[in-house]
Amino acid sequence: MSAYQGREDVVVLGLARGGIPVAWEVAAALGVPLDAFIVRKLGAPDHEEFAVGALASGGRVVVNDDVLRALRITPQQLREIAEREGRELIRREAAYRGGRPPLDVSGKAVILVDDGLATGASMFAAVQALREADPAELVIAVPAAPESTCRQFAGMVD
């Protein structure tokens with residue numbers, strides 16, 4: 001990552017919560033600005049830890065249609081889950097930023113950091129949301145991830 005060190009066109013975004021401490025280390029080492037990027041998992045009814053999708057800052061929703069069908073989650077149930085997590089996302093953005101606006105990433109090299117990937121649902125939602133902000137480059141950085149998940153991202157990010 002040393003190629004990004006000290007560049008004025010680079011920002012580091014940490015996926016809250018676990019990615020923030022890792023992102024702080026990356027931003028400090030590179031000497032570039034740091035911001036939080038909030039993503040909320042959309043948990044299955046009665047199995048909140050099982051992700052059926054994710055919601056990212058900016059309102060981007062990504063769902064796994066196969067999981068929704070397999071679990072027979074109705075559109076109404078999904079809407080209720082997304083609305084609840086959307087309220088929490090807004091609350092967390094306010095808490096992490098203290099009223100400050102998010103960093104402008106348009107035309108910049110963005111390094112998106114998390115503390116690790118499992119299914120990659122949260123990172124996928126973040127990547128989709130950030131693509132809409134038109135960064136010049138989008139890099140993901142994690143200390144640990146399954147090879148299969150890394151392959152999924154290979155064509156999506158720089």
# chains A, B, ... in the order shown; residues from 1 in each chain; ligands from 1

call {"tool": "residues_around", "arguments": {"residues": "Glu132 (chain A)", "least_positions_apart": "4", "cutoff": "12 Å", "atoms": "only C-alpha atoms", "output": "ChimeraX atom specification"}}
result
/A:56-60,105-107,125-128,136,138

call {"tool": "write_last_selection", "arguments": {"atoms": "N, CA, C and O atoms", "output": "JSON list (two decimals), in the first residue's frame"}}
result
[["chain", "number", "residue", "atom", "x", "y", "z"],
["A", 56, "ALA", "N", -25.93, 0.29, 2.73],
["A", 56, "ALA", "CA", -24.74, 1.13, 2.87],
["A", 56, "ALA", "C", -25.12, 2.60, 2.91],
["A", 56, "ALA", "O", -26.21, 3.00, 2.49],
["A", 57, "SER", "N", -24.17, 3.41, 3.42],
["A", 57, "SER", "CA", -24.34, 4.86, 3.38],
["A", 57, "SER", "C", -24.76, 5.27, 1.99],
["A", 57, "SER", "O", -24.28, 4.73, 1.00],
["A", 58, "GLY", "N", -25.67, 6.22, 1.92],
["A", 58, "GLY", "CA", -26.18, 6.64, 0.62],
["A", 58, "GLY", "C", -27.43, 5.89, 0.21],
["A", 58, "GLY", "O", -28.02, 6.16, -0.83],
["A", 59, "GLY", "N", -27.83, 4.90, 1.02],
["A", 59, "GLY", "CA", -29.08, 4.20, 0.76],
["A", 59, "GLY", "C", -28.98, 2.99, -0.15],
["A", 59, "GLY", "O", -30.00, 2.41, -0.51],
["A", 60, "ARG", "N", -27.79, 2.57, -0.54],
["A", 60, "ARG", "CA", -27.63, 1.42, -1.42],
["A", 60, "ARG", "C", -27.98, 0.14, -0.68],
["A", 60, "ARG", "O", -27.47, -0.13, 0.40],
["A", 105, "VAL", "N", -15.30, 11.78, -2.21],
["A", 105, "VAL", "CA", -14.43, 10.76, -2.81],
["A", 105, "VAL", "C", -14.41, 10.84, -4.33],
["A", 105, "VAL", "O", -13.68, 10.09, -4.97],
["A", 106, "SER", "N", -15.16, 11.75, -4.89],
["A", 106, "SER", "CA", -15.21, 11.89, -6.33],
["A", 106, "SER", "C", -13.83, 12.20, -6.90],
["A", 106, "SER", "O", -13.16, 13.13, -6.45],
["A", 107, "GLY", "N", -13.39, 11.39, -7.85],
["A", 107, "GLY", "CA", -12.11, 11.61, -8.50],
["A", 107, "GLY", "C", -10.90, 11.22, -7.65],
["A", 107, "GLY", "O", -9.76, 11.50, -8.05],
["A", 125, "ALA", "N", -21.93, -4.20, -0.62],
["A", 125, "ALA", "CA", -22.83, -3.05, -0.57],
["A", 125, "ALA", "C", -22.04, -1.75, -0.55],
["A", 125, "ALA", "O", -22.39, -0.78, -1.23],
["A", 126, "ALA", "N", -20.94, -1.72, 0.19],
["A", 126, "ALA", "CA", -20.11, -0.52, 0.25],
["A", 126, "ALA", "C", -19.49, -0.21, -1.10],
["A", 126, "ALA", "O", -19.48, 0.94, -1.54],
["A", 127, "VAL", "N", -18.99, -1.23, -1.78],
["A", 127, "VAL", "CA", -18.39, -1.03, -3.11],
["A", 127, "VAL", "C", -19.43, -0.48, -4.08],
["A", 127, "VAL", "O", -19.16, 0.47, -4.82],
["A", 128, "GLN", "N", -20.62, -1.07, -4.08],
["A", 128, "GLN", "CA", -21.69, -0.60, -4.96],
["A", 128, "GLN", "C", -22.03, 0.86, -4.67],
["A", 128, "GLN", "O", -22.18, 1.66, -5.59],
["A", 136, "ALA", "N", -11.88, 7.81, -8.56],
["A", 136, "ALA", "CA", -10.96, 7.50, -9.66],
["A", 136, "ALA", "C", -10.48, 6.06, -9.55],
["A", 136, "ALA", "O", -10.21, 5.39, -10.56],
["A", 138, "LEU", "N", -10.85, 2.47, -6.73],
["A", 138, "LEU", "CA", -11.45, 1.90, -5.53],
["A", 138, "LEU", "C", -10.72, 0.62, -5.17],
["A", 138, "LEU", "O", -10.70, -0.34, -5.95]]

call {"tool": "residues_around", "arguments": {"residues": "region 28-32 of chain A", "least_positions_apart": "6", "cutoff": "12 Å", "atoms": "only C-alpha atoms", "output": "PyMOL selection string"}}
result
chain A and resi 1-13+20-22+103+108-111

call {"tool": "write_last_selection", "arguments": {"atoms": "N, CA, C and O atoms", "output": "PDB file, in the first residue's frame"}}
result
ATOM      1  N   MET A   1       0.821  -1.199   0.000  1.00  0.00           N
ATOM      2  CA  MET A   1       0.000   0.000   0.000  1.00  0.00           C
ATOM      3  C   MET A   1       0.861   1.257   0.000  1.00  0.00           C
ATOM      4  O   MET A   1       0.344   2.349  -0.068  1.00  0.00           O
ATOM      5  N   SER A   2       2.167   1.080   0.068  1.00  0.00           N
ATOM      6  CA  SER A   2       3.064   2.233   0.144  1.00  0.00           C
ATOM      7  C   SER A   2       2.966   3.144  -1.076  1.00  0.00           C
ATOM      8  O   SER A   2       3.310   4.320  -0.988  1.00  0.00           O
ATOM      9  N   ALA A   3       2.457   2.654  -2.187  1.00  0.00           N
ATOM     10  CA  ALA A   3       2.289   3.488  -3.380  1.00  0.00           C
ATOM     11  C   ALA A   3       1.292   4.621  -3.144  1.00  0.00           C
ATOM     12  O   ALA A   3       1.294   5.618  -3.869  1.00  0.00           O
ATOM     13  N   TYR A   4       0.461   4.499  -2.133  1.00  0.00           N
ATOM     14  CA  TYR A   4      -0.547   5.517  -1.826  1.00  0.00           C
ATOM     15  C   TYR A   4      -0.078   6.514  -0.780  1.00  0.00           C
ATOM     16  O   TYR A   4      -0.774   7.483  -0.485  1.00  0.00           O
ATOM     17  N   GLN A   5       1.087   6.303  -0.227  1.00  0.00           N
ATOM     18  CA  GLN A   5       1.577   7.124   0.877  1.00  0.00           C
ATOM     19  C   GLN A   5       1.744   8.593   0.501  1.00  0.00           C
ATOM     20  O   GLN A   5       2.364   8.919  -0.505  1.00  0.00           O
ATOM     21  N   GLY A   6       1.126   9.457   1.318  1.00  0.00           N
ATOM     22  CA  GLY A   6       1.282  10.896   1.174  1.00  0.00           C
ATOM     23  C   GLY A   6       0.600  11.514  -0.034  1.00  0.00           C
ATOM     24  O   GLY A   6       0.724  12.721  -0.252  1.00  0.00           O
ATOM     25  N   ARG A   7      -0.127  10.747  -0.805  1.00  0.00           N
ATOM     26  CA  ARG A   7      -0.802  11.306  -1.982  1.00  0.00           C
ATOM     27  C   ARG A   7      -2.015  12.137  -1.551  1.00  0.00           C
ATOM     28  O   ARG A   7      -2.774  11.738  -0.674  1.00  0.00           O
ATOM     29  N   GLU A   8      -2.165  13.284  -2.186  1.00  0.00           N
ATOM     30  CA  GLU A   8      -3.282  14.172  -1.837  1.00  0.00           C
ATOM     31  C   GLU A   8      -4.620  13.701  -2.403  1.00  0.00           C
ATOM     32  O   GLU A   8      -5.662  14.203  -1.990  1.00  0.00           O
ATOM     33  N   ASP A   9      -4.587  12.755  -3.333  1.00  0.00           N
ATOM     34  CA  ASP A   9      -5.821  12.267  -3.954  1.00  0.00           C
ATOM     35  C   ASP A   9      -6.299  10.949  -3.349  1.00  0.00           C
ATOM     36  O   ASP A   9      -7.123  10.257  -3.936  1.00  0.00           O
ATOM     37  N   VAL A  10      -5.817  10.615  -2.158  1.00  0.00           N
ATOM     38  CA  VAL A  10      -6.169   9.344  -1.515  1.00  0.00           C
ATOM     39  C   VAL A  10      -6.946   9.601  -0.234  1.00  0.00           C
ATOM     40  O   VAL A  10      -6.603  10.493   0.544  1.00  0.00           O
ATOM     41  N   VAL A  11      -8.003   8.811  -0.022  1.00  0.00           N
ATOM     42  CA  VAL A  11      -8.729   8.803   1.246  1.00  0.00           C
ATOM     43  C   VAL A  11      -8.918   7.356   1.678  1.00  0.00           C
ATOM     44  O   VAL A  11      -9.028   6.456   0.842  1.00  0.00           O
ATOM     45  N   VAL A  12      -8.938   7.142   2.970  1.00  0.00           N
ATOM     46  CA  VAL A  12      -9.196   5.822   3.539  1.00  0.00           C
ATOM     47  C   VAL A  12     -10.566   5.869   4.202  1.00  0.00           C
ATOM     48  O   VAL A  12     -10.853   6.780   4.977  1.00  0.00           O
ATOM     49  N   LEU A  13     -11.386   4.881   3.896  1.00  0.00           N
ATOM     50  CA  LEU A  13     -12.690   4.743   4.523  1.00  0.00           C
ATOM     51  C   LEU A  13     -12.719   3.421   5.280  1.00  0.00           C
ATOM     52  O   LEU A  13     -12.408   2.370   4.717  1.00  0.00           O
ATOM     53  N   ILE A  20     -12.939   0.362  11.372  1.00  0.00           N
ATOM     54  CA  ILE A  20     -12.450   1.691  11.762  1.00  0.00           C
ATOM     55  C   ILE A  20     -11.054   1.629  12.387  1.00  0.00           C
ATOM     56  O   ILE A  20     -10.163   2.370  11.969  1.00  0.00           O
ATOM     57  N   PRO A  21     -10.796   0.755  13.373  1.00  0.00           N
ATOM     58  CA  PRO A  21      -9.443   0.726  13.939  1.00  0.00           C
ATOM     59  C   PRO A  21      -8.380   0.309  12.923  1.00  0.00           C
ATOM     60  O   PRO A  21      -7.272   0.841  12.922  1.00  0.00           O
ATOM     61  N   VAL A  22      -8.717  -0.622  12.051  1.00  0.00           N
ATOM     62  CA  VAL A  22      -7.768  -1.056  11.018  1.00  0.00           C
ATOM     63  C   VAL A  22      -7.528   0.089  10.030  1.00  0.00           C
ATOM     64  O   VAL A  22      -6.398   0.375   9.645  1.00  0.00           O
ATOM     65  N   LEU A 103     -16.437  12.636   3.662  1.00  0.00           N
ATOM     66  CA  LEU A 103     -15.386  13.097   2.753  1.00  0.00           C
ATOM     67  C   LEU A 103     -15.855  12.944   1.316  1.00  0.00           C
ATOM     68  O   LEU A 103     -16.537  11.978   0.969  1.00  0.00           O
ATOM     69  N   LYS A 108     -11.123  10.587  -6.523  1.00  0.00           N
ATOM     70  CA  LYS A 108     -10.020  10.231  -5.629  1.00  0.00           C
ATOM     71  C   LYS A 108      -9.797   8.725  -5.607  1.00  0.00           C
ATOM     72  O   LYS A 108     -10.672   7.943  -5.981  1.00  0.00           O
ATOM     73  N   ALA A 109      -8.623   8.339  -5.152  1.00  0.00           N
ATOM     74  CA  ALA A 109      -8.342   6.932  -4.892  1.00  0.00           C
ATOM     75  C   ALA A 109      -8.870   6.626  -3.501  1.00  0.00           C
ATOM     76  O   ALA A 109      -8.451   7.239  -2.524  1.00  0.00           O
ATOM     77  N   VAL A 110      -9.799   5.706  -3.415  1.00  0.00           N
ATOM     78  CA  VAL A 110     -10.432   5.344  -2.154  1.00  0.00           C
ATOM     79  C   VAL A 110      -9.935   3.969  -1.736  1.00  0.00           C
ATOM     80  O   VAL A 110     -10.006   3.015  -2.519  1.00  0.00           O
ATOM     81  N   ILE A 111      -9.433   3.895  -0.518  1.00  0.00           N
ATOM     82  CA  ILE A 111      -9.045   2.614   0.064  1.00  0.00           C
ATOM     83  C   ILE A 111     -10.095   2.274   1.111  1.00  0.00           C
ATOM     84  O   ILE A 111     -10.213   2.961   2.125  1.00  0.00           O
TER      85      ILE A 111
END

call {"tool": "select_by_dssp", "arguments": {"residues": "region 87-134 of chain A", "states": "strand (DSSP E or B)", "output": "list in words"}}
result
Ala109, Val110, Ile111, Leu112 and Val113 of chain A

call {"tool": "write_last_selection", "arguments": {"atoms": "C-alpha atoms", "output": "compact mmCIF listing (two decimals), in the first residue's frame"}}
result
# COMPACT_ATOMS: atom_id res chain seq x y z
CA ALA A 109 -8.34 6.93 -4.89
CA VAL A 110 -10.43 5.34 -2.15
CA ILE A 111 -9.04 2.61 0.06
CA LEU A 112 -11.98 0.84 1.69
CA VAL A 113 -10.88 -1.06 4.81

call {"tool": "residues_around", "arguments": {"residues": "Glu88 (chain A)", "least_positions_apart": "2", "cutoff": "12 Å", "atoms": "only C-alpha atoms", "output": "ChimeraX atom specification"}}
result
/A:38-42,55-57,81-86,90-95

call {"tool": "write_last_selection", "arguments": {"atoms": "all heavy atoms", "output": "compact mmCIF listing (two decimals), in the first residue's frame"}}
result
# COMPACT_ATOMS: atom_id res chain seq x y z
N ILE A 38 -20.48 3.63 6.72
CA ILE A 38 -21.39 2.79 7.50
C ILE A 38 -22.12 1.81 6.59
O ILE A 38 -22.68 2.19 5.57
CB ILE A 38 -22.43 3.64 8.27
CG1 ILE A 38 -21.80 4.84 8.95
CG2 ILE A 38 -23.21 2.78 9.25
CD1 ILE A 38 -20.77 4.53 9.99
N VAL A 39 -22.09 0.56 6.99
CA VAL A 39 -22.83 -0.50 6.32
C VAL A 39 -23.55 -1.30 7.39
O VAL A 39 -22.96 -1.62 8.43
CB VAL A 39 -21.89 -1.43 5.50
CG1 VAL A 39 -22.66 -2.56 4.86
CG2 VAL A 39 -21.14 -0.64 4.46
N ARG A 40 -24.79 -1.61 7.14
CA ARG A 40 -25.58 -2.41 8.09
C ARG A 40 -26.01 -3.70 7.42
O ARG A 40 -26.55 -3.69 6.31
CB ARG A 40 -26.82 -1.63 8.53
CG ARG A 40 -26.53 -0.39 9.34
CD ARG A 40 -25.96 -0.66 10.68
NE ARG A 40 -26.89 -1.44 11.49
CZ ARG A 40 -26.54 -2.09 12.59
NH1 ARG A 40 -25.30 -2.08 13.01
NH2 ARG A 40 -27.44 -2.77 13.27
N LYS A 41 -25.75 -4.78 8.10
CA LYS A 41 -26.19 -6.09 7.63
C LYS A 41 -27.71 -6.16 7.72
O LYS A 41 -28.30 -5.68 8.69
CB LYS A 41 -25.53 -7.17 8.48
CG LYS A 41 -26.02 -8.56 8.18
CD LYS A 41 -25.31 -9.63 8.98
CE LYS A 41 -24.92 -9.20 10.34
NZ LYS A 41 -24.22 -10.21 11.12
N LEU A 42 -28.34 -6.77 6.75
CA LEU A 42 -29.77 -7.05 6.80
C LEU A 42 -29.90 -8.51 7.23
O LEU A 42 -29.66 -9.43 6.44
CB LEU A 42 -30.42 -6.83 5.43
CG LEU A 42 -30.29 -5.42 4.85
CD1 LEU A 42 -30.93 -5.34 3.47
CD2 LEU A 42 -30.90 -4.39 5.78
N LEU A 55 -27.09 -2.83 3.73
CA LEU A 55 -27.48 -1.46 3.43
C LEU A 55 -26.27 -0.58 3.69
O LEU A 55 -25.64 -0.70 4.74
CB LEU A 55 -28.64 -1.06 4.34
CG LEU A 55 -29.13 0.37 4.33
CD1 LEU A 55 -29.77 0.70 2.98
CD2 LEU A 55 -30.14 0.59 5.45
N ALA A 56 -25.93 0.29 2.73
CA ALA A 56 -24.74 1.13 2.87
C ALA A 56 -25.12 2.60 2.91
O ALA A 56 -26.21 3.00 2.49
CB ALA A 56 -23.79 0.89 1.70
N SER A 57 -24.17 3.41 3.42
CA SER A 57 -24.34 4.86 3.38
C SER A 57 -24.76 5.27 1.99
O SER A 57 -24.28 4.73 1.00
CB SER A 57 -23.01 5.55 3.73
OG SER A 57 -22.69 5.38 5.07
N ILE A 81 -37.05 -4.88 7.69
CA ILE A 81 -35.64 -5.05 8.10
C ILE A 81 -34.81 -3.87 7.60
O ILE A 81 -34.03 -3.27 8.35
CB ILE A 81 -35.07 -6.38 7.56
CG1 ILE A 81 -35.79 -7.57 8.20
CG2 ILE A 81 -33.57 -6.46 7.80
CD1 ILE A 81 -35.54 -8.89 7.47
N ALA A 82 -34.99 -3.51 6.34
CA ALA A 82 -34.22 -2.42 5.74
C ALA A 82 -34.53 -1.08 6.40
O ALA A 82 -33.63 -0.26 6.62
CB ALA A 82 -34.48 -2.34 4.23
N GLU A 83 -35.80 -0.84 6.74
CA GLU A 83 -36.17 0.41 7.41
C GLU A 83 -35.54 0.49 8.80
O GLU A 83 -35.01 1.54 9.19
CB GLU A 83 -37.69 0.54 7.49
CG GLU A 83 -38.32 0.87 6.15
CD GLU A 83 -39.85 0.82 6.18
OE1 GLU A 83 -40.45 0.51 7.24
OE2 GLU A 83 -40.45 1.09 5.12
N ARG A 84 -35.58 -0.61 9.55
CA ARG A 84 -34.98 -0.64 10.89
C ARG A 84 -33.47 -0.39 10.80
O ARG A 84 -32.92 0.44 11.53
CB ARG A 84 -35.27 -1.97 11.56
CG ARG A 84 -34.69 -2.07 12.98
CD ARG A 84 -34.94 -3.42 13.63
NE ARG A 84 -34.22 -4.48 12.94
CZ ARG A 84 -34.79 -5.52 12.33
NH1 ARG A 84 -36.09 -5.66 12.32
NH2 ARG A 84 -34.05 -6.44 11.73
N GLU A 85 -32.81 -1.09 9.90
CA GLU A 85 -31.36 -0.93 9.76
C GLU A 85 -31.01 0.44 9.18
O GLU A 85 -29.97 1.01 9.49
CB GLU A 85 -30.77 -2.05 8.92
CG GLU A 85 -30.86 -3.42 9.56
CD GLU A 85 -30.24 -3.51 10.94
OE1 GLU A 85 -29.27 -2.77 11.24
OE2 GLU A 85 -30.70 -4.33 11.75
N GLY A 86 -31.89 0.99 8.37
CA GLY A 86 -31.67 2.34 7.83
C GLY A 86 -31.68 3.39 8.92
O GLY A 86 -30.87 4.32 8.91
N ILE A 90 -28.39 5.74 9.95
CA ILE A 90 -28.42 7.21 10.10
C ILE A 90 -27.92 7.61 11.48
O ILE A 90 -27.14 8.56 11.62
CB ILE A 90 -29.85 7.74 9.83
CG1 ILE A 90 -30.17 7.60 8.34
CG2 ILE A 90 -30.00 9.18 10.30
CD1 ILE A 90 -31.64 7.79 8.00
N ARG A 91 -28.34 6.90 12.51
CA ARG A 91 -27.89 7.19 13.87
C ARG A 91 -26.37 7.04 13.99
O ARG A 91 -25.69 7.89 14.54
CB ARG A 91 -28.59 6.27 14.88
CG ARG A 91 -28.29 6.63 16.33
CD ARG A 91 -28.70 5.54 17.30
NE ARG A 91 -27.84 4.37 17.25
CZ ARG A 91 -26.60 4.31 17.75
NH1 ARG A 91 -26.06 5.37 18.32
NH2 ARG A 91 -25.89 3.20 17.66
N ARG A 92 -25.85 5.97 13.42
CA ARG A 92 -24.40 5.73 13.51
C ARG A 92 -23.60 6.75 12.69
O ARG A 92 -22.52 7.16 13.12
CB ARG A 92 -24.06 4.32 13.06
CG ARG A 92 -24.47 3.31 14.09
CD ARG A 92 -23.98 1.94 13.77
NE ARG A 92 -24.49 1.01 14.77
CZ ARG A 92 -23.94 -0.14 15.03
NH1 ARG A 92 -22.87 -0.53 14.39
NH2 ARG A 92 -24.47 -0.92 15.94
N GLU A 93 -24.11 7.13 11.53
CA GLU A 93 -23.41 8.16 10.76
C GLU A 93 -23.28 9.44 11.56
O GLU A 93 -22.23 10.07 11.59
CB GLU A 93 -24.11 8.43 9.43
CG GLU A 93 -23.82 7.39 8.38
CD GLU A 93 -24.42 7.73 7.04
OE1 GLU A 93 -25.51 8.35 6.98
OE2 GLU A 93 -23.80 7.37 6.03
N ALA A 94 -24.36 9.82 12.23
CA ALA A 94 -24.34 11.03 13.06
C ALA A 94 -23.34 10.87 14.21
O ALA A 94 -22.59 11.80 14.51
CB ALA A 94 -25.73 11.33 13.60
N ALA A 95 -23.31 9.71 14.83
CA ALA A 95 -22.40 9.47 15.95
C ALA A 95 -20.94 9.48 15.50
O ALA A 95 -20.08 10.08 16.14
CB ALA A 95 -22.73 8.15 16.63

call {"tool": "select_by_dssp", "arguments": {"residues": "region 76-154 of chain A", "states": "alpha helix (DSSP H)", "output": "PyMOL selection string"}}
result
chain A and resi 76-97+121-131+147-154

call {"tool": "residues_around", "arguments": {"residues": "Leu71 (chain A)", "least_positions_apart": "2", "cutoff": "12 Å", "atoms": "only C-alpha atoms", "output": "number ranges by chain"}}
result
A: 43-47, 50-52, 64-69, 73-75, 77-78

call {"tool": "write_last_selection", "arguments": {"atoms": "all heavy atoms", "output": "compact mmCIF listing (two decimals), in the first residue's frame"}}
result
# COMPACT_ATOMS: atom_id res chain seq x y z
N GLY A 43 -30.22 -8.70 8.51
CA GLY A 43 -30.29 -10.05 9.07
C GLY A 43 -31.63 -10.70 8.83
O GLY A 43 -32.68 -10.05 8.78
N ALA A 44 -31.59 -12.01 8.69
CA ALA A 44 -32.81 -12.79 8.48
C ALA A 44 -33.70 -12.71 9.73
O ALA A 44 -33.19 -12.66 10.85
CB ALA A 44 -32.46 -14.24 8.19
N PRO A 45 -35.02 -12.70 9.54
CA PRO A 45 -35.91 -12.71 10.69
C PRO A 45 -35.62 -13.91 11.60
O PRO A 45 -35.41 -15.02 11.11
CB PRO A 45 -37.31 -12.84 10.06
CG PRO A 45 -37.15 -12.32 8.67
CD PRO A 45 -35.75 -12.69 8.27
N ASP A 46 -35.54 -13.67 12.88
CA ASP A 46 -35.26 -14.69 13.90
C ASP A 46 -33.83 -15.25 13.83
O ASP A 46 -33.49 -16.17 14.57
CB ASP A 46 -36.27 -15.85 13.83
CG ASP A 46 -37.69 -15.36 14.04
OD1 ASP A 46 -37.89 -14.45 14.89
OD2 ASP A 46 -38.61 -15.87 13.36
N HIS A 47 -33.01 -14.75 12.91
CA HIS A 47 -31.61 -15.17 12.77
C HIS A 47 -30.80 -13.95 12.34
O HIS A 47 -30.20 -13.93 11.28
CB HIS A 47 -31.46 -16.30 11.75
CG HIS A 47 -32.25 -17.51 12.07
ND1 HIS A 47 -31.88 -18.40 13.06
CD2 HIS A 47 -33.42 -17.97 11.58
CE1 HIS A 47 -32.79 -19.37 13.14
NE2 HIS A 47 -33.73 -19.12 12.25
N PHE A 50 -27.48 -13.92 10.44
CA PHE A 50 -27.41 -14.48 9.09
C PHE A 50 -27.81 -13.40 8.09
O PHE A 50 -28.96 -12.98 8.03
CB PHE A 50 -28.33 -15.70 8.98
CG PHE A 50 -28.18 -16.42 7.67
CD1 PHE A 50 -27.08 -17.24 7.45
CD2 PHE A 50 -29.12 -16.27 6.68
CE1 PHE A 50 -26.93 -17.90 6.25
CE2 PHE A 50 -28.98 -16.92 5.47
CZ PHE A 50 -27.88 -17.75 5.24
N ALA A 51 -26.85 -12.95 7.30
CA ALA A 51 -27.09 -11.84 6.38
C ALA A 51 -27.88 -12.28 5.14
O ALA A 51 -27.51 -13.25 4.49
CB ALA A 51 -25.77 -11.23 5.94
N VAL A 52 -28.93 -11.54 4.86
CA VAL A 52 -29.66 -11.73 3.60
C VAL A 52 -29.31 -10.60 2.64
O VAL A 52 -29.70 -10.61 1.49
CB VAL A 52 -31.19 -11.80 3.81
CG1 VAL A 52 -31.54 -12.97 4.72
CG2 VAL A 52 -31.75 -10.50 4.36
N ASN A 64 -29.33 -10.86 -1.31
CA ASN A 64 -29.06 -12.14 -1.94
C ASN A 64 -30.41 -12.78 -2.23
O ASN A 64 -31.07 -13.30 -1.33
CB ASN A 64 -28.22 -13.01 -1.00
CG ASN A 64 -27.83 -14.32 -1.64
OD1 ASN A 64 -28.60 -14.92 -2.40
ND2 ASN A 64 -26.64 -14.77 -1.33
N ASP A 65 -30.82 -12.72 -3.50
CA ASP A 65 -32.14 -13.22 -3.89
C ASP A 65 -32.31 -14.71 -3.59
O ASP A 65 -33.39 -15.15 -3.20
CB ASP A 65 -32.40 -12.96 -5.38
CG ASP A 65 -32.56 -11.49 -5.68
OD1 ASP A 65 -33.15 -10.78 -4.85
OD2 ASP A 65 -32.12 -11.05 -6.76
N ASP A 66 -31.25 -15.49 -3.75
CA ASP A 66 -31.34 -16.92 -3.46
C ASP A 66 -31.66 -17.16 -1.99
O ASP A 66 -32.49 -18.02 -1.66
CB ASP A 66 -30.02 -17.63 -3.83
CG ASP A 66 -29.76 -17.62 -5.33
OD1 ASP A 66 -30.74 -17.51 -6.11
OD2 ASP A 66 -28.58 -17.70 -5.72
N VAL A 67 -31.02 -16.41 -1.11
CA VAL A 67 -31.27 -16.56 0.33
C VAL A 67 -32.69 -16.10 0.66
O VAL A 67 -33.38 -16.74 1.45
CB VAL A 67 -30.22 -15.79 1.16
CG1 VAL A 67 -30.58 -15.79 2.64
CG2 VAL A 67 -28.84 -16.38 0.95
N LEU A 68 -33.11 -14.99 0.07
CA LEU A 68 -34.48 -14.51 0.33
C LEU A 68 -35.51 -15.57 -0.04
O LEU A 68 -36.45 -15.83 0.71
CB LEU A 68 -34.75 -13.22 -0.46
CG LEU A 68 -34.01 -11.97 -0.02
CD1 LEU A 68 -34.33 -10.81 -0.96
CD2 LEU A 68 -34.35 -11.60 1.41
N ARG A 69 -35.31 -16.18 -1.23
CA ARG A 69 -36.25 -17.23 -1.65
C ARG A 69 -36.17 -18.45 -0.74
O ARG A 69 -37.20 -19.00 -0.34
CB ARG A 69 -35.96 -17.64 -3.10
CG ARG A 69 -36.56 -16.70 -4.14
CD ARG A 69 -36.51 -17.30 -5.53
NE ARG A 69 -35.13 -17.49 -6.01
CZ ARG A 69 -34.37 -16.54 -6.53
NH1 ARG A 69 -34.85 -15.32 -6.68
NH2 ARG A 69 -33.15 -16.80 -6.94
N ILE A 73 -38.53 -15.10 2.70
CA ILE A 73 -38.67 -13.75 3.25
C ILE A 73 -39.50 -12.93 2.29
O ILE A 73 -39.16 -12.81 1.11
CB ILE A 73 -37.29 -13.12 3.51
CG1 ILE A 73 -36.54 -13.93 4.57
CG2 ILE A 73 -37.43 -11.66 3.94
CD1 ILE A 73 -35.11 -13.51 4.78
N THR A 74 -40.58 -12.37 2.80
CA THR A 74 -41.49 -11.60 1.95
C THR A 74 -40.94 -10.20 1.69
O THR A 74 -40.11 -9.70 2.47
CB THR A 74 -42.87 -11.46 2.62
OG1 THR A 74 -42.74 -10.64 3.79
CG2 THR A 74 -43.46 -12.83 2.99
N PRO A 75 -41.42 -9.56 0.63
CA PRO A 75 -41.00 -8.17 0.39
C PRO A 75 -41.30 -7.26 1.59
O PRO A 75 -40.51 -6.38 1.91
CB PRO A 75 -41.81 -7.76 -0.84
CG PRO A 75 -42.06 -9.04 -1.56
CD PRO A 75 -42.23 -10.08 -0.47
N GLN A 77 -41.37 -8.15 4.81
CA GLN A 77 -40.37 -8.44 5.84
C GLN A 77 -39.04 -7.76 5.50
O GLN A 77 -38.41 -7.16 6.38
CB GLN A 77 -40.15 -9.94 5.98
CG GLN A 77 -41.27 -10.67 6.66
CD GLN A 77 -41.02 -12.17 6.64
OE1 GLN A 77 -40.83 -12.77 5.59
NE2 GLN A 77 -41.04 -12.78 7.83
N LEU A 78 -38.63 -7.85 4.25
CA LEU A 78 -37.38 -7.23 3.82
C LEU A 78 -37.45 -5.72 4.00
O LEU A 78 -36.51 -5.10 4.48
CB LEU A 78 -37.06 -7.59 2.37
CG LEU A 78 -35.77 -7.01 1.82
CD1 LEU A 78 -34.56 -7.49 2.62
CD2 LEU A 78 -35.62 -7.36 0.34
